[in-house]
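What follows is a short report on a single structure.
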Number of protein chains: 2
Amino acid sequence: MSKVIDFQTDPSRYRHWRVTYDGPVATVFMDVDEKGGLFEGYELKLNSYDLGVDIELADVVQRMRFEHPEVRAVVLRSGKDRVFCAGANIRMLGGASHAHKVNFCKFTNETRNTFEAAGAESGQHYICAVKGACAGGGYELALACDHIILTDDGSSNVALPEVPLLAVLPGTGGLTRVTDKRKVRRDLADVFCSMEEGVRGKRALDWRLVDEVVANSRFEEAVAERARDFAAKSSRAPAEKGIELRPLQRKFADDGSITYSTVEVQVDRAARRATILVNGPEADAPASMDEFVRQGSDAWMLRAARELDDAILHLRLNEMECGLLVIRTQGDPARVAAHEALLLANERHWLAAETLLYWKRVLKRIDMTSRSLVALVEHGSCFAGVLAEILFAVDRSYMMDGEFDGDNRPLAAITLGASNFGRYPMGNDLTRLQTRFLGEPERVGQAEAKIGEALDAEAAEALGLVTFSLDEVDWEDEVRIFCEERASFSPDAMTGMEANLRFAGPETMETRIFGRLTAWQNWIFQRPNAVGKDGALQRYGTGIRGDFNMQRV
Amino acid sequence: MSKVIDFQTDPSRYRHWRVTYDGPVATVFMDVDEKGGLFEGYELKLNSYDLGVDIELADVVQRMRFEHPEVRAVVLRSGKDRVFCAGANIRMLGGASHAHKVNFCKFTNETRNTFEAAGAESGQHYICAVKGACAGGGYELALACDHIILTDDGSSNVALPEVPLLAVLPGTGGLTRVTDKRKVRRDLADVFCSMEEGVRGKRALDWRLVDEVVANSRFEEAVAERARDFAAKSSRAPAEKGIELRPLQRKFADDGSITYSTVEVQVDRAARRATILVNGPEADAPASMDEFVRQGSDAWMLRAARELDDAILHLRLNEMECGLLVIRTQGDPARVAAHEALLLANERHWLAAETLLYWKRVLKRIDMTSRSLVALVEHGSCFAGVLAEILFAVDRSYMMDGEFDGDNRPLAAITLGASNFGRYPMGNDLTRLQTRFLGEPERVGQAEAKIGEALDAEAAEALGLVTFSLDEVDWEDEVRIFCEERASFSPDAMTGMEANLRFAGPETMETRIFGRLTAWQNWIFQRPNAVGKDGALQRYGTGIRGDFNMQRV
């Protein structure tokens, strides 16, 4: 699996999904092309999915928010007759490397979360209409929706057969959403997750596995009715016409580097490091939201978000040995602040809201990236507002202190904005500054008092906003030593350490999915009982059960 | 590592700890006997520890609460000159099986938690007096204390060098306590956890790693002063003389079965199953707390707790292939309730309080046991009050419904007590019934209304207290099929599934340590970068760093 995975697509290229629009209701049909696997060696039978299928789904959800703001209810259903979705493709999982499996699950988890975010934040509610077998990752798709309708046709069912069938977990949020979102009684959840055959009809409702069971003859009517209900109660403001998410401008170099319009990624494979440079806006902020809408996906705030998002995803899947991401910015901080300010001042405008919410997702994508993250606050940088938020997402930061010989750029400064105090919460529902200052909550207020001021290294360090500030004498050596040392550590220990240090404070369903469920799944994905040559994943389909080491650990 | 590990010890047998008592202040000296390792093949240099050292420590903490109720402050310090504690012994870890490593970490985690529980629940506050190197598991011992004093002698330090040195995590609560208990700023935590050399002096205080740094010349004085302070502000009621925790009466059979005075463990290795039978009290409840004190550790409530605790620990470490624990009871429910009622009615009596708090810990030990847990509510059983709580700790339960031919025992019934509604909270700080009924909180009240009633199978099922009730026709087959099926599943998938389903609802530091940190550590304990032949654990001490696969997952 060494081909480059592209996270960009558009409806003209979809192989697995169809979407129909009918006023406030959109219907998304999952109709996976068996022959359309991302890699060789497996067929996507029974609406099973691989990363390629999920990349299209993520695109569907994203375009719904920007291109179809009129939509208030999204019906998710199968385009095939007898199956809703059989979940992640087992042969793909059996053949994939550990790193691919883990990153595949992470991306699918992030995509499931966007269903819930669309409902909670933008009043685009996902309704899952289940007919046919809805198993494993298929049921996890349903679990991510705001409402599940199951037809009572005597055979359609929901199931999480991973444990008995494959010796792995329902790891795409399944176990967590069963207990925390649907609040299924734990012993019933235990029964449900231990059975291959799943649950159908009234029992599925009694056990809280679905929200509604309807007679098969009434299924279409009930689905349409529920879509109307959700559309009617949606909090979504009446919206204008959407904007088009135009293709990203990207240029890939042979060494792995990428040049976008505003983001530059420089890959140094020998040093196991990638540097992401975000350039501030080239032009002044649009004068009004009308102008912003006219610019559409070319507007800097939206373009930079899309490019940064794509860059992170690309590095995650395609440059797995780059264990350290160095994040830099260059540009005019005042201009960054002005571009963001337009949206903050018009937060009730649908496109302003969607753009800010997209940044929230991009920043979470950074939080969730299993690479060591460092930010360099150099002279000429523009860590202001939304870009300053990156400083509080990374594992540590270094800031230039004072003049550097021969460097004529404006002295390094950090400019906090109102957005750093609530606009972009983390998965734990706290702001990054709140999480940073759990031990000294008064520091959040001290930082807030400095909104809009250009904070030099001394001020930033005193406020606790950067890890280290370094003068000309120390900068180069210290940063180099850090980068070299970091890239030499065991990547696994880094991943585990960062997963624990980044998310202090309260837990949410989201942090539990990425922190707890994912960790257990990753563990199981290493165990011979699942992935060994006689393990359940390898033997799937042979009719022979896995040969297990029965020791409990 | 196949020798039987015994969790029972007493001060006359300690090899690694000394305790001195001075009124309300006890001092615990860690002075590990290098030659006293539990297994061959390593020496416990530099006050490093293995499971044997920790079993003694757990005994120290437990006896402090029962045998020394006068103690209000416990000073933990080193009995060696130049080192506080170097953490878990690396050669032991390098040689141990995955299952041993994981269970070793679980037990040490449980023991660390008892420090905090002793302070919070019984006003026995642990103060860590650090002189010399305090690294890895050594610092994690300190982190579990209520207060850390570090001497400023120019060399004494605290450190978590696991990641850079060993490519594993500070997994005995270290990462979680750094962020969640001590609330160290995440980027400083990142720096701290990436450095081998640790932090000393004022910086340790500035970074919140310790509570107090004192000049070396003032160290003894400061430690004594702090012990007096904590003793003075302890909430502990003036206590009587303690009781002696006498040796357990146990008889081991060749087939692994164990007969205690009130608990019987039957091991069926071929079926990979152990059955734990808890027998109710043989005699009426003590008439008063004076009588209870006279009975001391022979009182049924205390004796049953100690025996059940020992049985669980024994099975965890010594019967690793028994993946299913079947829990049964037999006896008079009214008598169980009466024994518990005496303590509940005298909850301000120190020994009543300690006994109930011990049950809280034993029940948590059950929650945390990585085995499938099932309870059988049979005729003649005594699932009342504290024993009924076991029904809500297990993964699922089966109850006999109606008369069974030839069975003259009293019909199966469950009797809830007031204790099921707050006395024994789980690690998530909810009661087990609250956790069970997260989706239908009104059911907790419905159950509470039935306190004291003998609930037959129909009533218990209607209240949601059991998973399945079965009549004579189905009982034997259904239970047998469940046991066989359960014992056939991949143990790893079971462990991961149960770890996710058991702890819905809010998270606490405790659930994060066992749920998130432990899972990541278990994952790393499977990765070649740590445990492979060229991994960091194996190469430790050779002067050669681990040879890492640099792919990030």
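All residue names refer to the structure tokens as shown: chains lettered A, B, ... in order, residues numbered from 1 in each chain, ligands numbered from 1 in order.
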
Can you write out as a tab-separated table which residues of chain B fall within 6 Å of chain A, alongside each residue's closest atom pair and its distance in Å to one decimal, counting only C-alpha atoms and ordering rows by chain and ascending residue number?
residue	atom	partner	partner_atom	distance
B:Ala99	CA	A:Val553	CA	4.0
B:Val163	CA	A:Ala493	CA	5.8
B:Ala167	CA	A:Ala493	CA	5.2
B:Val168	CA	A:Ala493	CA	5.4
B:Thr179	CA	A:Ala504	CA	5.7
B:Asp180	CA	A:Ala504	CA	5.8
B:Lys183	CA	A:Gly439	CA	4.6
B:Arg185	CA	A:Arg436	CA	5.5
B:Arg186	CA	A:Leu501	CA	6.0
B:Asp187	CA	A:Arg396	CA	4.9
B:Met320	CA	A:Gln551	CA	5.2
B:Glu321	CA	A:Gln551	CA	4.4
B:Asp395	CA	A:Asp187	CA	5.4
B:Arg396	CA	A:Asp187	CA	4.9
B:Arg436	CA	A:Arg185	CA	5.5
B:Leu438	CA	A:Lys183	CA	5.8
B:Gly439	CA	A:Lys183	CA	4.6
B:Ser490	CA	A:Ala167	CA	5.5
B:Pro491	CA	A:Arg552	CA	5.6
B:Ala493	CA	A:Ala167	CA	5.2
B:Gly496	CA	A:Trp520	CA	5.5
B:Leu501	CA	A:Arg186	CA	6.0
B:Ala504	CA	A:Thr179	CA	5.7
B:Gly515	CA	A:Arg516	CA	5.7
B:Arg516	CA	A:Arg516	CA	4.5
B:Ala519	CA	A:Trp520	CA	5.3
B:Trp520	CA	A:Ala519	CA	5.3
B:Trp523	CA	A:Trp523	CA	4.1
B:Met550	CA	A:Glu321	CA	5.5
B:Gln551	CA	A:Glu321	CA	4.4
B:Arg552	CA	A:Met320	CA	5.3
B:Val553	CA	A:Ala99	CA	4.0

Determine, counting only C-alpha atoms, which protein, DNA and RNA residues have an atom within 9 Å of an atom of Ala311 of chain A; residues of the same chain fewer than 6 positions away are not included. Present the result as a list of chain:residue names.
->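 What passes the distance filter is A:Ile258, A:Tyr260, A:Val263, A:Glu264, A:Val265, A:Ile276.
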
Output the selection as a short mmCIF file (atom, residue, chain, number, x, y, z; two decimals), in the first residue's frame - C-alpha atoms for each residue.
data_model
loop_
_atom_site.label_atom_id
_atom_site.label_comp_id
_atom_site.auth_asym_id
_atom_site.auth_seq_id
_atom_site.Cartn_x
_atom_site.Cartn_y
_atom_site.Cartn_z
CA ILE A 258 3.83 20.46 -1.66
CA TYR A 260 -0.43 25.25 -2.14
CA VAL A 263 0.48 26.72 2.60
CA GLU A 264 3.90 25.28 1.82
CA VAL A 265 4.94 21.84 2.99
CA ILE A 276 4.35 23.43 7.27
#

For the interface of segment 208-310 of chain B with segment 27-44 of chain B (cut-off 12 Å, counting only C-alpha atoms), please tabulate each contacting residue of segment 208-310 of chain B alongside its nearest pair of atoms and their separation in Å to one decimal, rows sorted by chain and increasing number, as a tab-separated table.
residue	atom	partner	partner_atom	distance
B:Val223	CA	B:Thr27	CA	10.5
B:Ala224	CA	B:Thr27	CA	10.1
B:Ala227	CA	B:Thr27	CA	9.5

Would you mind exporting all heavy atoms of the selected residues as a compact mmCIF listing (two decimals), in the first residue's frame?
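Writing the result to result-v2.txt gives the following:
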# COMPACT_ATOMS: atom_id res chain seq x y z
N VAL B 223 10.19 18.26 56.56
CA VAL B 223 9.39 17.04 56.45
C VAL B 223 8.58 16.83 57.73
O VAL B 223 7.37 16.54 57.69
CB VAL B 223 10.30 15.82 56.16
CG1 VAL B 223 9.52 14.52 56.29
CG2 VAL B 223 10.93 15.95 54.78
N ALA B 224 9.23 17.00 58.86
CA ALA B 224 8.54 16.80 60.15
C ALA B 224 7.41 17.81 60.32
O ALA B 224 6.32 17.48 60.78
CB ALA B 224 9.55 16.92 61.29
N ALA B 227 4.50 16.95 58.08
CA ALA B 227 3.77 15.79 58.63
C ALA B 227 2.87 16.26 59.76
O ALA B 227 1.70 15.86 59.84
CB ALA B 227 4.76 14.73 59.10

Between atom CA of Ser217 of chain B and atom CA of Leu46 of chain B, what is the spacing in Å?
->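 Taking atom CA of Leu46 of chain B as the start and atom CA of Ser217 of chain B as the end point, the length is 23.6 Å.
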
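For the pair atom CA of Leu363 of chain A and atom CA of Tyr424 of chain A, the separation is 7.5 Å.
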
Running DSSP on the backbone, which parts of segment 77-313 of chain A land in helix (DSSP H, G or I), as number ranges by chain?
-> A: 90-95, 98-122, 137-143, 162-166, 174-181, 186-193, 201-206, 216-233, 289-298, 300-313

Can you tell me, as a VMD selection string, what residues are no more than 9 Å from Gln538 of chain B when counting only C-alpha atoms, ignoring any on the same chain fewer than 2 positions away?
-> chain B and resid 90 to 91 93 to 95 166 530 to 536 540 to 542 546

Okay, now the selection with all heavy atoms, as a compact mmCIF listing (two decimals), in the first residue's frame?
# COMPACT_ATOMS: atom_id res chain seq x y z
N ILE B 90 13.90 -2.50 35.28
CA ILE B 90 13.86 -2.62 33.82
C ILE B 90 14.16 -4.04 33.35
O ILE B 90 13.55 -4.55 32.42
CB ILE B 90 14.87 -1.65 33.15
CG1 ILE B 90 14.69 -0.25 33.70
CG2 ILE B 90 14.69 -1.67 31.64
CD1 ILE B 90 13.30 0.29 33.60
N ARG B 91 15.09 -4.68 34.02
CA ARG B 91 15.40 -6.06 33.60
C ARG B 91 14.22 -6.98 33.86
O ARG B 91 13.94 -7.89 33.08
CB ARG B 91 16.65 -6.58 34.30
CG ARG B 91 17.87 -5.83 33.86
CD ARG B 91 19.18 -6.56 34.16
NE ARG B 91 20.27 -5.68 33.79
CZ ARG B 91 20.66 -5.46 32.55
NH1 ARG B 91 20.05 -6.07 31.54
NH2 ARG B 91 21.63 -4.62 32.29
N LEU B 93 11.11 -6.00 33.73
CA LEU B 93 10.16 -5.70 32.65
C LEU B 93 10.60 -6.33 31.34
O LEU B 93 9.79 -6.87 30.57
CB LEU B 93 10.03 -4.18 32.45
CG LEU B 93 9.19 -3.41 33.47
CD1 LEU B 93 9.20 -1.92 33.13
CD2 LEU B 93 7.74 -3.92 33.50
N GLY B 94 11.90 -6.26 31.09
CA GLY B 94 12.43 -6.83 29.84
C GLY B 94 12.20 -8.33 29.77
O GLY B 94 12.00 -8.88 28.68
N GLY B 95 12.23 -9.00 30.91
CA GLY B 95 12.08 -10.45 30.90
C GLY B 95 10.66 -10.94 31.09
O GLY B 95 10.36 -12.11 30.88
N LEU B 166 13.47 4.41 27.54
CA LEU B 166 12.96 3.04 27.44
C LEU B 166 11.91 2.86 26.36
O LEU B 166 11.46 1.75 26.10
CB LEU B 166 12.33 2.61 28.79
CG LEU B 166 13.26 2.71 29.99
CD1 LEU B 166 12.46 2.57 31.27
CD2 LEU B 166 14.34 1.63 29.91
N ALA B 530 9.62 -1.13 21.59
CA ALA B 530 9.86 -1.25 23.04
C ALA B 530 10.35 -2.64 23.39
O ALA B 530 11.39 -2.81 24.02
CB ALA B 530 8.59 -0.92 23.82
N VAL B 531 9.59 -3.67 22.96
CA VAL B 531 9.85 -5.01 23.49
C VAL B 531 10.53 -5.97 22.52
O VAL B 531 10.83 -7.09 22.88
CB VAL B 531 8.53 -5.66 24.01
CG1 VAL B 531 7.93 -4.83 25.14
CG2 VAL B 531 7.52 -5.85 22.88
N GLY B 532 10.75 -5.53 21.29
CA GLY B 532 11.44 -6.38 20.32
C GLY B 532 12.88 -6.63 20.75
O GLY B 532 13.38 -5.99 21.67
N LYS B 533 13.53 -7.55 20.05
CA LYS B 533 14.89 -7.88 20.51
C LYS B 533 15.86 -6.70 20.37
O LYS B 533 16.84 -6.61 21.11
CB LYS B 533 15.42 -9.14 19.83
CG LYS B 533 15.88 -9.00 18.40
CD LYS B 533 16.48 -10.32 17.92
CE LYS B 533 16.85 -10.26 16.42
NZ LYS B 533 17.48 -9.04 15.95
N ASP B 534 15.56 -5.79 19.45
CA ASP B 534 16.37 -4.58 19.36
C ASP B 534 15.65 -3.37 19.94
O ASP B 534 16.02 -2.23 19.69
CB ASP B 534 16.75 -4.31 17.89
CG ASP B 534 17.53 -5.47 17.30
OD1 ASP B 534 18.41 -5.98 18.01
OD2 ASP B 534 17.25 -5.85 16.14
N GLY B 535 14.59 -3.63 20.67
CA GLY B 535 13.81 -2.54 21.26
C GLY B 535 14.50 -1.96 22.49
O GLY B 535 15.47 -2.51 23.00
N ALA B 536 13.95 -0.85 22.93
CA ALA B 536 14.61 -0.10 23.99
C ALA B 536 14.65 -0.85 25.32
O ALA B 536 15.64 -0.76 26.06
CB ALA B 536 13.92 1.24 24.17
N TYR B 540 18.24 -1.88 27.12
CA TYR B 540 18.57 -1.01 28.25
C TYR B 540 19.79 -1.54 28.99
O TYR B 540 19.90 -2.72 29.28
CB TYR B 540 17.38 -0.92 29.21
CG TYR B 540 17.67 -0.08 30.42
CD1 TYR B 540 17.72 1.31 30.31
CD2 TYR B 540 17.92 -0.66 31.65
CE1 TYR B 540 18.00 2.09 31.41
CE2 TYR B 540 18.20 0.11 32.76
CZ TYR B 540 18.25 1.48 32.64
OH TYR B 540 18.53 2.25 33.74
N GLY B 541 20.71 -0.64 29.25
CA GLY B 541 21.89 -1.03 30.01
C GLY B 541 23.05 -1.48 29.13
O GLY B 541 24.16 -1.66 29.61
N THR B 542 22.79 -1.66 27.83
CA THR B 542 23.87 -2.10 26.94
C THR B 542 24.66 -0.91 26.41
O THR B 542 25.69 -1.07 25.78
CB THR B 542 23.31 -2.85 25.72
OG1 THR B 542 22.51 -1.93 24.94
CG2 THR B 542 22.45 -4.03 26.13
N GLY B 546 17.74 1.74 21.43
CA GLY B 546 16.85 0.87 20.67
C GLY B 546 16.92 1.17 19.18
O GLY B 546 17.20 2.30 18.78

Neighbour list for Val214 of chain A as a ChimeraX atom specification, cut-off 12 Å, only C-alpha atoms, skip fewer than 3 positions in-chain = /A:129-131,148-154,156,200-202,204-205,210-211,217-223,225-226

Leaving out His349 of chain B and any residue of its chain fewer than 4 positions from it, which residues lie within 9 Å of it when counting only C-alpha atoms, given as a list in words?
->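 The neighbour list is Ala237, Ala239, Met289, Leu343, Ala353 and Glu354 of chain B.
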
Restrict the selected residues to all heavy atoms and save them as an mmCIF file, in the first residue's frame.
data_model
loop_
_atom_site.group_PDB
_atom_site.id
_atom_site.type_symbol
_atom_site.label_atom_id
_atom_site.label_comp_id
_atom_site.auth_asym_id
_atom_site.auth_seq_id
_atom_site.Cartn_x
_atom_site.Cartn_y
_atom_site.Cartn_z
ATOM 1 N N ALA B 237 -11.314 11.034 62.550
ATOM 2 C CA ALA B 237 -11.837 11.081 63.919
ATOM 3 C C ALA B 237 -10.826 10.409 64.841
ATOM 4 O O ALA B 237 -10.109 9.500 64.427
ATOM 5 C CB ALA B 237 -13.174 10.355 63.982
ATOM 6 N N ALA B 239 -9.210 7.894 66.945
ATOM 7 C CA ALA B 239 -9.501 6.466 66.796
ATOM 8 C C ALA B 239 -9.044 5.681 68.000
ATOM 9 O O ALA B 239 -8.150 6.074 68.738
ATOM 10 C CB ALA B 239 -8.831 5.927 65.539
ATOM 11 N N MET B 289 -20.807 -2.664 67.653
ATOM 12 C CA MET B 289 -19.475 -2.438 67.116
ATOM 13 C C MET B 289 -18.405 -2.926 68.086
ATOM 14 O O MET B 289 -17.330 -3.344 67.650
ATOM 15 C CB MET B 289 -19.267 -0.956 66.768
ATOM 16 C CG MET B 289 -19.907 -0.536 65.445
ATOM 17 S SD MET B 289 -19.494 -1.612 64.009
ATOM 18 C CE MET B 289 -17.724 -1.363 63.837
ATOM 19 N N LEU B 343 -22.679 -2.068 60.207
ATOM 20 C CA LEU B 343 -21.649 -1.098 59.809
ATOM 21 C C LEU B 343 -22.284 0.191 59.291
ATOM 22 O O LEU B 343 -21.831 1.294 59.594
ATOM 23 C CB LEU B 343 -20.734 -1.704 58.745
ATOM 24 C CG LEU B 343 -20.072 -3.039 59.123
ATOM 25 C CD1 LEU B 343 -19.086 -3.455 58.036
ATOM 26 C CD2 LEU B 343 -19.358 -2.944 60.469
ATOM 27 N N ALA B 353 -16.360 2.266 59.202
ATOM 28 C CA ALA B 353 -16.015 3.055 58.017
ATOM 29 C C ALA B 353 -14.930 2.349 57.202
ATOM 30 O O ALA B 353 -15.042 2.203 55.976
ATOM 31 C CB ALA B 353 -15.559 4.448 58.429
ATOM 32 N N GLU B 354 -13.888 1.900 57.869
ATOM 33 C CA GLU B 354 -12.782 1.266 57.132
ATOM 34 C C GLU B 354 -13.235 -0.004 56.425
ATOM 35 O O GLU B 354 -12.789 -0.310 55.323
ATOM 36 C CB GLU B 354 -11.605 0.964 58.073
ATOM 37 C CG GLU B 354 -10.807 2.185 58.509
ATOM 38 C CD GLU B 354 -10.203 2.973 57.344
ATOM 39 O OE1 GLU B 354 -10.067 2.420 56.236
ATOM 40 O OE2 GLU B 354 -9.893 4.159 57.552
#

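For the residues B:Phe421, B:Phe192, B:Tyr49, B:Phe115, ranking by smallest atom-to-atom distance to His16 of chain B using only C-alpha atoms places B:Tyr49 first.
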
Where does DSSP see strand (DSSP E or B) in segment 113-262 of chain A, if you list the residues as a list in words?
->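 These are the residues in question: His125, Tyr126, Ile127, Cys128, Ala129, Val130, Ala133, Cys134, Ala135, His147, Ile148, Ile149, Leu150, Thr151, Asp152, Asn157, Val158, Ala159, Val199, Glu212, Val213, Val214, Ala215, Arg250, Lys251, Phe252, Ile258, Thr259 and Tyr260 of chain A.
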
Surrounding residues of Gly417 of chain A excluding itself and chain neighbours under 5 positions, 9 Å, only C-alpha atoms, as a list in words =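 So, after excluding close chain neighbours, the residues are Ala337, Ala341, Ala384, Gly385, Val386, Ala388, Glu448, Lys450, Ile451, Gly452 and Glu453 of chain A.
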
Work out how far apart atom CA of Val326 of chain A and atom CA of Thr114 of chain A are and give it in Å to one decimal.
->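 The value is 26.7 Å.
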
Selection near Asp255 of chain A, 9 Å with only C-alpha atoms, sequence-local residues under 6 positions removed, as a ChimeraX atom specification = /A:266-269

Residue with the minimum atom-to-atom distance to Asp290 of chain B, picked from B:Ile243, B:Val53, B:Ala58, B:Ile414 with only C-alpha atoms counted, is B:Ile243

Counting only C-alpha atoms, the option among A:Leu357, A:Ala449, A:Asp429, A:Glu472 closest to Gly406 of chain A =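 Answer, going by the shortest atom-to-atom distance: A:Glu472.
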